[in-house]
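*Asks:* Quick one: structure below, then a few questions.
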Amino acid sequence: MAKRDYYEVLGVTRSAEEVEIKQAFRRLAKEYHPDRNPGDMEAEVRFKEVNEAYEALKDPQKRAAYDQFGHAAFEGGGPGGPHGFSGDFSASMSEIFDDLFGEFMGARRGGKRTMRERGADLRYNLEISLREAHDGKSAQICVPSSITCDTCDGSGAKPGTSPSACRTCGGTGKVRASQGFFTIERVCPACQGRGEMIDDPCPDCQGAGRVTKERTLSVNIPAGVEDGTRIRLANEGEAGLRGGPPGDLYIFLSITPHEFFQRDGADIFCRVPISMTTAALGGHIEVPTVEGGRSRVKVPEGTQTGRQFRLKGKGMPILRAKSTGDMYIQVEVETPRNLTRKQKEILKEFEDASSDATNPDSSGFFARVKEFFEGMGE
């Protein structure tokens, strides 16, 4: 079967520029690639035909010979070789894989690989008080981590020397091996994909480009932070390996329980016990506030357990806002204990003088209970 004209195979004119030929090859090679056409023999034949045409036309000398003599220029072992494959088939295929898979393995083929391993992110747990969460603070923390080696400036090489290109991969960080029809590419085992080798390592970091050291950092904690808040300090994590970018440091805040206050968002709640007489006769109580001050609360006559009093603006600041939550005082009426004989006599006299109007809730409840049982009896 006569071979088709190479220009016709690629769909370009004889005056086509080199870039046009390359673009046509990439487009057709991807279109007819076996991975995209499994089991399609016609696509496989077209794929081989496209590759053979490109091998002849991509080289100026071979193209000139083809323009003058046609297919006869390559008879007897020309660029096609057996079945249209040449020794440059892997190079052609690599261009297809670069287009299909982008820069999956790092720098594009042909360029020197300069991969730098990013440093790890670090976590630091910081405990603060409710008062500190209310006011905000600047905290000093000590973080043991890896930092860039000052001796070699992170290169890993002894001062006065520099890393050299990996002799296994030529500095690309990748090696290729042909396995049947395909060319397999993997990370270079010698340099671990970095593309560089250090022949004379730095004596301080042993070639890692970083050393372990404890650092003191200042952390700004804004007013109004909540339990579990995470603060990110960019580039304050571990230094990257051999000059790689550093990771980040994450500060996780936890707020210690308070002796008096419970927090719900921006609001503060405080349970305050009051005496029976204060609840019955009324009066004033002094309560602490979260910022360290005091507030005077009026308790009206006949106050019952569970009643709340609101102190507006006495709660927590709202993060990244100018508003503030409220504070709620919930009173609990305390029943007297350890009474003297005289106190008991006084309370007995008070009980004898009491009426349904004195204790409307209990009187009303037991009246309804009596009606309930009477109804059951009927």
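Ordering of the structure tokens sets the chain letters (A, B, ...); residue numbers start at 1 within each chain; ligands are numbered from 1 in the order shown.
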Residues near Pro222 in chain A, anyone? I mean within 8 Å using only C-alpha atoms, not counting same-chain ones fewer than 3 positions away, as a compact mmCIF listing (two decimals) with N, CA, C and O atoms, in the first residue's frame.
*Replies:*
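Output below, filename around08.txt:
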# COMPACT_ATOMS: atom_id res chain seq x y z
N ALA A 133 -9.70 36.97 76.36
CA ALA A 133 -10.52 36.89 75.14
C ALA A 133 -11.38 38.13 75.00
O ALA A 133 -11.68 38.58 73.89
N ASP A 135 -10.60 41.25 76.30
CA ASP A 135 -9.77 42.44 76.07
C ASP A 135 -8.90 42.35 74.82
O ASP A 135 -8.54 43.36 74.24
N GLY A 136 -8.54 41.10 74.42
CA GLY A 136 -7.52 40.94 73.39
C GLY A 136 -6.14 41.09 74.02
O GLY A 136 -5.99 41.69 75.08
N LYS A 137 -5.13 40.53 73.39
CA LYS A 137 -3.79 40.62 73.97
C LYS A 137 -2.74 40.32 72.91
O LYS A 137 -3.05 39.78 71.83
N VAL A 225 -12.39 36.88 70.53
CA VAL A 225 -12.15 35.53 69.98
C VAL A 225 -12.93 34.50 70.79
O VAL A 225 -13.18 34.67 71.98
N LEU A 319 -16.26 39.86 67.36
CA LEU A 319 -15.03 39.87 66.57
C LEU A 319 -15.25 40.61 65.26
O LEU A 319 -16.24 40.39 64.55
*Asks:* Per residue of range 45-66 of chain A within 7 Å of range 27-41 of chain A, note the shortest atom pair and the distance in Å to one decimal, counting only C-alpha atoms, and order the rows by chain and increasing residue number, as CSV.
*Replies:*
residue,atom,partner,partner_atom,distance
A:Val45,CA,A:Met41,CA,6.3
A:Arg46,CA,A:Tyr32,CA,6.6
A:Phe47,CA,A:Tyr32,CA,5.2
A:Val50,CA,A:Ala29,CA,6.7
*Asks:* Print the selection's residues with N, CA and C atoms to a file, as a PDB file, in the first residue's frame.
*Replies:*
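Written out: part17.pdb:
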ATOM      1  N   VAL A  45      -3.431   2.821  13.538  1.00  0.00           N
ATOM      2  CA  VAL A  45      -2.707   3.005  12.276  1.00  0.00           C
ATOM      3  C   VAL A  45      -2.506   4.489  12.000  1.00  0.00           C
ATOM      4  N   ARG A  46      -3.557   5.279  12.207  1.00  0.00           N
ATOM      5  CA  ARG A  46      -3.451   6.731  11.971  1.00  0.00           C
ATOM      6  C   ARG A  46      -2.439   7.355  12.926  1.00  0.00           C
ATOM      7  N   PHE A  47      -2.399   6.871  14.182  1.00  0.00           N
ATOM      8  CA  PHE A  47      -1.463   7.386  15.165  1.00  0.00           C
ATOM      9  C   PHE A  47      -0.013   7.147  14.705  1.00  0.00           C
ATOM     10  N   VAL A  50       0.759   9.452  11.722  1.00  0.00           N
ATOM     11  CA  VAL A  50       1.000  10.837  12.143  1.00  0.00           C
ATOM     12  C   VAL A  50       2.403  10.979  12.720  1.00  0.00           C
TER      13      VAL A  50
END
*Asks:* Just checking: using only C-alpha atoms, which residue out of A:Gly224, A:Lys312, A:Arg337, A:Ile318 ends up closest to Ile255 in chain A?
*Replies:*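 Residue with the minimum atom-to-atom distance to Ile255 in chain A: A:Gly224.
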*Asks:* Find the residues near Arg271 in chain A: any atom within 8 Å, counting only C-alpha atoms, skip ones fewer than 6 places away on the same chain, and give them as a ChimeraX atom specification.
*Replies:* /A:260-261,329-332
*Asks:* How about saving the chosen residues, N, CA and C atoms kept, as a compact mmCIF listing (two decimals), in the first residue's frame?
*Replies:*
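File selection-v8.txt, as written:
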# COMPACT_ATOMS: atom_id res chain seq x y z
N PHE A 260 -17.12 32.39 87.48
CA PHE A 260 -18.48 32.92 87.62
C PHE A 260 -19.29 32.92 86.33
N PHE A 261 -18.60 33.11 85.21
CA PHE A 261 -19.32 33.39 83.97
C PHE A 261 -19.38 32.19 83.03
N ILE A 329 -27.95 38.37 84.36
CA ILE A 329 -27.85 37.92 85.74
C ILE A 329 -29.09 37.08 86.03
N GLN A 330 -28.88 35.83 86.38
CA GLN A 330 -29.99 34.94 86.73
C GLN A 330 -29.92 34.65 88.22
N VAL A 331 -30.97 35.08 88.95
CA VAL A 331 -30.95 34.93 90.40
C VAL A 331 -31.52 33.58 90.82
N GLU A 332 -30.99 33.06 91.92
CA GLU A 332 -31.47 31.83 92.53
C GLU A 332 -31.74 32.13 94.00
*Asks:* Report as an NGL selection string all protein, DNA and RNA residues lying within 12 Å of Glu259 in chain A, evaluated on only C-alpha atoms, omitting residues in the same chain fewer than 4 positions from it.
*Replies:* :A and (129-131 or 263 or 269-271 or 288-290)
*Asks:* Next, dump the selected residues to file, keeping only all heavy atoms, as a PDB file, in the first residue's frame.
*Replies:*
ATOM      1  N   SER A 129      -7.422  33.195  79.060  1.00  0.00           N
ATOM      2  CA  SER A 129      -8.551  33.354  79.978  1.00  0.00           C
ATOM      3  C   SER A 129      -9.702  34.067  79.275  1.00  0.00           C
ATOM      4  O   SER A 129      -9.529  34.659  78.195  1.00  0.00           O
ATOM      5  CB  SER A 129      -8.116  34.154  81.212  1.00  0.00           C
ATOM      6  OG  SER A 129      -7.802  35.496  80.832  1.00  0.00           O
ATOM      7  N   LEU A 130     -10.879  34.028  79.897  1.00  0.00           N
ATOM      8  CA  LEU A 130     -12.038  34.726  79.336  1.00  0.00           C
ATOM      9  C   LEU A 130     -11.790  36.229  79.318  1.00  0.00           C
ATOM     10  O   LEU A 130     -12.196  36.925  78.367  1.00  0.00           O
ATOM     11  CB  LEU A 130     -13.287  34.398  80.155  1.00  0.00           C
ATOM     12  CG  LEU A 130     -14.599  34.966  79.619  1.00  0.00           C
ATOM     13  CD1 LEU A 130     -14.938  34.366  78.258  1.00  0.00           C
ATOM     14  CD2 LEU A 130     -15.745  34.700  80.601  1.00  0.00           C
ATOM     15  N   ARG A 131     -11.117  36.725  80.333  1.00  0.00           N
ATOM     16  CA  ARG A 131     -10.795  38.167  80.380  1.00  0.00           C
ATOM     17  C   ARG A 131      -9.886  38.544  79.208  1.00  0.00           C
ATOM     18  O   ARG A 131     -10.062  39.588  78.572  1.00  0.00           O
ATOM     19  CB  ARG A 131     -10.125  38.485  81.718  1.00  0.00           C
ATOM     20  CG  ARG A 131      -9.574  39.910  81.839  1.00  0.00           C
ATOM     21  CD  ARG A 131     -10.681  40.952  81.921  1.00  0.00           C
ATOM     22  NE  ARG A 131     -10.136  42.290  82.009  1.00  0.00           N
ATOM     23  CZ  ARG A 131      -9.766  42.886  83.148  1.00  0.00           C
ATOM     24  NH1 ARG A 131      -9.870  42.224  84.306  1.00  0.00           N
ATOM     25  NH2 ARG A 131      -9.305  44.102  83.153  1.00  0.00           N
ATOM     26  N   ARG A 263     -20.264  31.607  78.861  1.00  0.00           N
ATOM     27  CA  ARG A 263     -20.349  32.383  77.621  1.00  0.00           C
ATOM     28  C   ARG A 263     -21.231  31.675  76.594  1.00  0.00           C
ATOM     29  O   ARG A 263     -21.159  30.460  76.436  1.00  0.00           O
ATOM     30  CB  ARG A 263     -18.950  32.590  77.034  1.00  0.00           C
ATOM     31  CG  ARG A 263     -18.940  33.391  75.736  1.00  0.00           C
ATOM     32  CD  ARG A 263     -17.536  33.560  75.224  1.00  0.00           C
ATOM     33  NE  ARG A 263     -17.491  34.361  74.008  1.00  0.00           N
ATOM     34  CZ  ARG A 263     -16.388  34.663  73.351  1.00  0.00           C
ATOM     35  NH1 ARG A 263     -15.217  34.226  73.791  1.00  0.00           N
ATOM     36  NH2 ARG A 263     -16.432  35.404  72.254  1.00  0.00           N
ATOM     37  N   PHE A 269     -23.418  34.953  80.860  1.00  0.00           N
ATOM     38  CA  PHE A 269     -24.443  34.601  81.838  1.00  0.00           C
ATOM     39  C   PHE A 269     -23.770  34.365  83.193  1.00  0.00           C
ATOM     40  O   PHE A 269     -22.695  33.780  83.272  1.00  0.00           O
ATOM     41  CB  PHE A 269     -25.191  33.339  81.406  1.00  0.00           C
ATOM     42  CG  PHE A 269     -26.046  33.544  80.179  1.00  0.00           C
ATOM     43  CD1 PHE A 269     -25.505  33.469  78.911  1.00  0.00           C
ATOM     44  CD2 PHE A 269     -27.399  33.849  80.318  1.00  0.00           C
ATOM     45  CE1 PHE A 269     -26.285  33.680  77.786  1.00  0.00           C
ATOM     46  CE2 PHE A 269     -28.193  34.054  79.198  1.00  0.00           C
ATOM     47  CZ  PHE A 269     -27.639  33.973  77.923  1.00  0.00           C
ATOM     48  N   CYS A 270     -24.468  34.820  84.223  1.00  0.00           N
ATOM     49  CA  CYS A 270     -23.932  34.666  85.578  1.00  0.00           C
ATOM     50  C   CYS A 270     -25.094  34.331  86.521  1.00  0.00           C
ATOM     51  O   CYS A 270     -26.110  35.037  86.544  1.00  0.00           O
ATOM     52  CB  CYS A 270     -23.241  35.949  86.028  1.00  0.00           C
ATOM     53  SG  CYS A 270     -22.515  35.865  87.691  1.00  0.00           S
ATOM     54  N   ARG A 271     -24.958  33.234  87.260  1.00  0.00           N
ATOM     55  CA  ARG A 271     -25.963  32.850  88.250  1.00  0.00           C
ATOM     56  C   ARG A 271     -25.580  33.421  89.610  1.00  0.00           C
ATOM     57  O   ARG A 271     -24.465  33.196  90.096  1.00  0.00           O
ATOM     58  CB  ARG A 271     -26.078  31.333  88.322  1.00  0.00           C
ATOM     59  CG  ARG A 271     -26.632  30.701  87.046  1.00  0.00           C
ATOM     60  CD  ARG A 271     -26.806  29.214  87.213  1.00  0.00           C
ATOM     61  NE  ARG A 271     -27.357  28.607  86.008  1.00  0.00           N
ATOM     62  CZ  ARG A 271     -27.667  27.325  85.897  1.00  0.00           C
ATOM     63  NH1 ARG A 271     -27.447  26.501  86.928  1.00  0.00           N
ATOM     64  NH2 ARG A 271     -28.168  26.851  84.772  1.00  0.00           N
ATOM     65  N   PRO A 288     -20.079  41.035  89.674  1.00  0.00           N
ATOM     66  CA  PRO A 288     -18.867  41.325  88.888  1.00  0.00           C
ATOM     67  C   PRO A 288     -19.186  41.295  87.393  1.00  0.00           C
ATOM     68  O   PRO A 288     -20.142  40.662  86.954  1.00  0.00           O
ATOM     69  CB  PRO A 288     -17.930  40.173  89.274  1.00  0.00           C
ATOM     70  CG  PRO A 288     -18.854  39.040  89.573  1.00  0.00           C
ATOM     71  CD  PRO A 288     -20.073  39.656  90.207  1.00  0.00           C
ATOM     72  N   THR A 289     -18.368  41.972  86.607  1.00  0.00           N
ATOM     73  CA  THR A 289     -18.498  41.960  85.152  1.00  0.00           C
ATOM     74  C   THR A 289     -17.212  41.396  84.548  1.00  0.00           C
ATOM     75  O   THR A 289     -16.167  41.367  85.197  1.00  0.00           O
ATOM     76  CB  THR A 289     -18.765  43.369  84.593  1.00  0.00           C
ATOM     77  OG1 THR A 289     -17.745  44.258  85.062  1.00  0.00           O
ATOM     78  CG2 THR A 289     -20.121  43.871  85.031  1.00  0.00           C
ATOM     79  N   VAL A 290     -17.313  40.955  83.294  1.00  0.00           N
ATOM     80  CA  VAL A 290     -16.215  40.213  82.682  1.00  0.00           C
ATOM     81  C   VAL A 290     -14.962  41.058  82.489  1.00  0.00           C
ATOM     82  O   VAL A 290     -13.843  40.534  82.485  1.00  0.00           O
ATOM     83  CB  VAL A 290     -16.671  39.609  81.327  1.00  0.00           C
ATOM     84  CG1 VAL A 290     -16.913  40.695  80.292  1.00  0.00           C
ATOM     85  CG2 VAL A 290     -15.678  38.574  80.816  1.00  0.00           C
TER      86      VAL A 290
END
*Asks:* From a DSSP pass on the backbone, collect the residues of range 250-285 of chain A flagged as strand (DSSP E) and hand them back as an MDAnalysis selection string.
*Replies:* chainID A and resid 250:255 261:264 267:275 283:285
*Asks:* Separation of CA of Pro159 in chain A and CA of Cys202 in chain A, in Å?
*Replies:*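 It comes out at 6.9 Å.
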*Asks:* Restricting the calculation to only C-alpha atoms: of A:Ile221, A:Met197, A:Ala239, A:Cys152, which residue gets closest to Ala120 in chain A?
*Replies:*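 Checking each of A:Ile221, A:Met197, A:Ala239, A:Cys152 against Ala120 in chain A, counting only C-alpha atoms, the winner is A:Ala239.
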*Asks:* Write out as JSON, numbers by chain each polymer residue whose atoms come within 8 Å of Leu217 in chain A, counting only C-alpha atoms; drop sequence neighbours fewer than 2 positions from it.
*Replies:* {"A": [140, 141, 142, 143, 215, 219]}
*Asks:* Could the residues in this selection be saved with all heavy atoms as a PDB file, in the first residue's frame?
*Replies:*
ATOM      1  N   GLN A 140       3.424  36.221  73.610  1.00  0.00           N
ATOM      2  CA  GLN A 140       4.730  35.761  73.144  1.00  0.00           C
ATOM      3  C   GLN A 140       4.766  34.232  73.277  1.00  0.00           C
ATOM      4  O   GLN A 140       4.506  33.695  74.351  1.00  0.00           O
ATOM      5  CB  GLN A 140       5.855  36.380  73.981  1.00  0.00           C
ATOM      6  CG  GLN A 140       5.892  37.898  73.955  1.00  0.00           C
ATOM      7  CD  GLN A 140       6.282  38.434  72.597  1.00  0.00           C
ATOM      8  OE1 GLN A 140       7.175  37.895  71.939  1.00  0.00           O
ATOM      9  NE2 GLN A 140       5.620  39.496  72.166  1.00  0.00           N
ATOM     10  N   ILE A 141       5.058  33.554  72.181  1.00  0.00           N
ATOM     11  CA  ILE A 141       5.107  32.094  72.211  1.00  0.00           C
ATOM     12  C   ILE A 141       6.478  31.617  71.723  1.00  0.00           C
ATOM     13  O   ILE A 141       7.116  32.275  70.900  1.00  0.00           O
ATOM     14  CB  ILE A 141       3.994  31.463  71.353  1.00  0.00           C
ATOM     15  CG1 ILE A 141       4.157  31.866  69.883  1.00  0.00           C
ATOM     16  CG2 ILE A 141       2.621  31.873  71.854  1.00  0.00           C
ATOM     17  CD1 ILE A 141       3.188  31.167  68.948  1.00  0.00           C
ATOM     18  N   CYS A 142       6.915  30.492  72.241  1.00  0.00           N
ATOM     19  CA  CYS A 142       8.171  29.877  71.816  1.00  0.00           C
ATOM     20  C   CYS A 142       7.847  28.632  70.996  1.00  0.00           C
ATOM     21  O   CYS A 142       7.157  27.733  71.495  1.00  0.00           O
ATOM     22  CB  CYS A 142       9.037  29.511  73.012  1.00  0.00           C
ATOM     23  SG  CYS A 142       9.671  30.944  73.916  1.00  0.00           S
ATOM     24  N   VAL A 143       8.323  28.612  69.760  1.00  0.00           N
ATOM     25  CA  VAL A 143       7.988  27.523  68.844  1.00  0.00           C
ATOM     26  C   VAL A 143       9.273  26.847  68.383  1.00  0.00           C
ATOM     27  O   VAL A 143      10.094  27.465  67.697  1.00  0.00           O
ATOM     28  CB  VAL A 143       7.219  28.059  67.617  1.00  0.00           C
ATOM     29  CG1 VAL A 143       6.843  26.911  66.696  1.00  0.00           C
ATOM     30  CG2 VAL A 143       5.992  28.830  68.055  1.00  0.00           C
ATOM     31  N   ARG A 215      12.120  29.428  68.273  1.00  0.00           N
ATOM     32  CA  ARG A 215      11.892  30.833  67.925  1.00  0.00           C
ATOM     33  C   ARG A 215      10.843  31.445  68.840  1.00  0.00           C
ATOM     34  O   ARG A 215       9.903  30.762  69.259  1.00  0.00           O
ATOM     35  CB  ARG A 215      11.404  30.960  66.478  1.00  0.00           C
ATOM     36  CG  ARG A 215      12.430  30.545  65.431  1.00  0.00           C
ATOM     37  CD  ARG A 215      11.813  30.678  64.052  1.00  0.00           C
ATOM     38  NE  ARG A 215      10.676  29.786  63.878  1.00  0.00           N
ATOM     39  CZ  ARG A 215       9.635  30.042  63.103  1.00  0.00           C
ATOM     40  NH1 ARG A 215       9.577  31.183  62.449  1.00  0.00           N
ATOM     41  NH2 ARG A 215       8.650  29.178  62.978  1.00  0.00           N
ATOM     42  N   VAL A 219       2.143  36.971  68.908  1.00  0.00           N
ATOM     43  CA  VAL A 219       0.832  36.652  68.332  1.00  0.00           C
ATOM     44  C   VAL A 219      -0.184  37.678  68.811  1.00  0.00           C
ATOM     45  O   VAL A 219      -0.356  37.883  70.017  1.00  0.00           O
ATOM     46  CB  VAL A 219       0.366  35.240  68.746  1.00  0.00           C
ATOM     47  CG1 VAL A 219      -0.963  34.912  68.092  1.00  0.00           C
ATOM     48  CG2 VAL A 219       1.414  34.206  68.376  1.00  0.00           C
TER      49      VAL A 219
END
*Asks:* Calculated over only C-alpha atoms, which of the candidates A:Ser164, A:Asn359, A:Ser146, A:Ser295 has the smallest distance to Asp248 in chain A?
*Replies:*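 The closest residue to Asp248 in chain A is A:Ser146.
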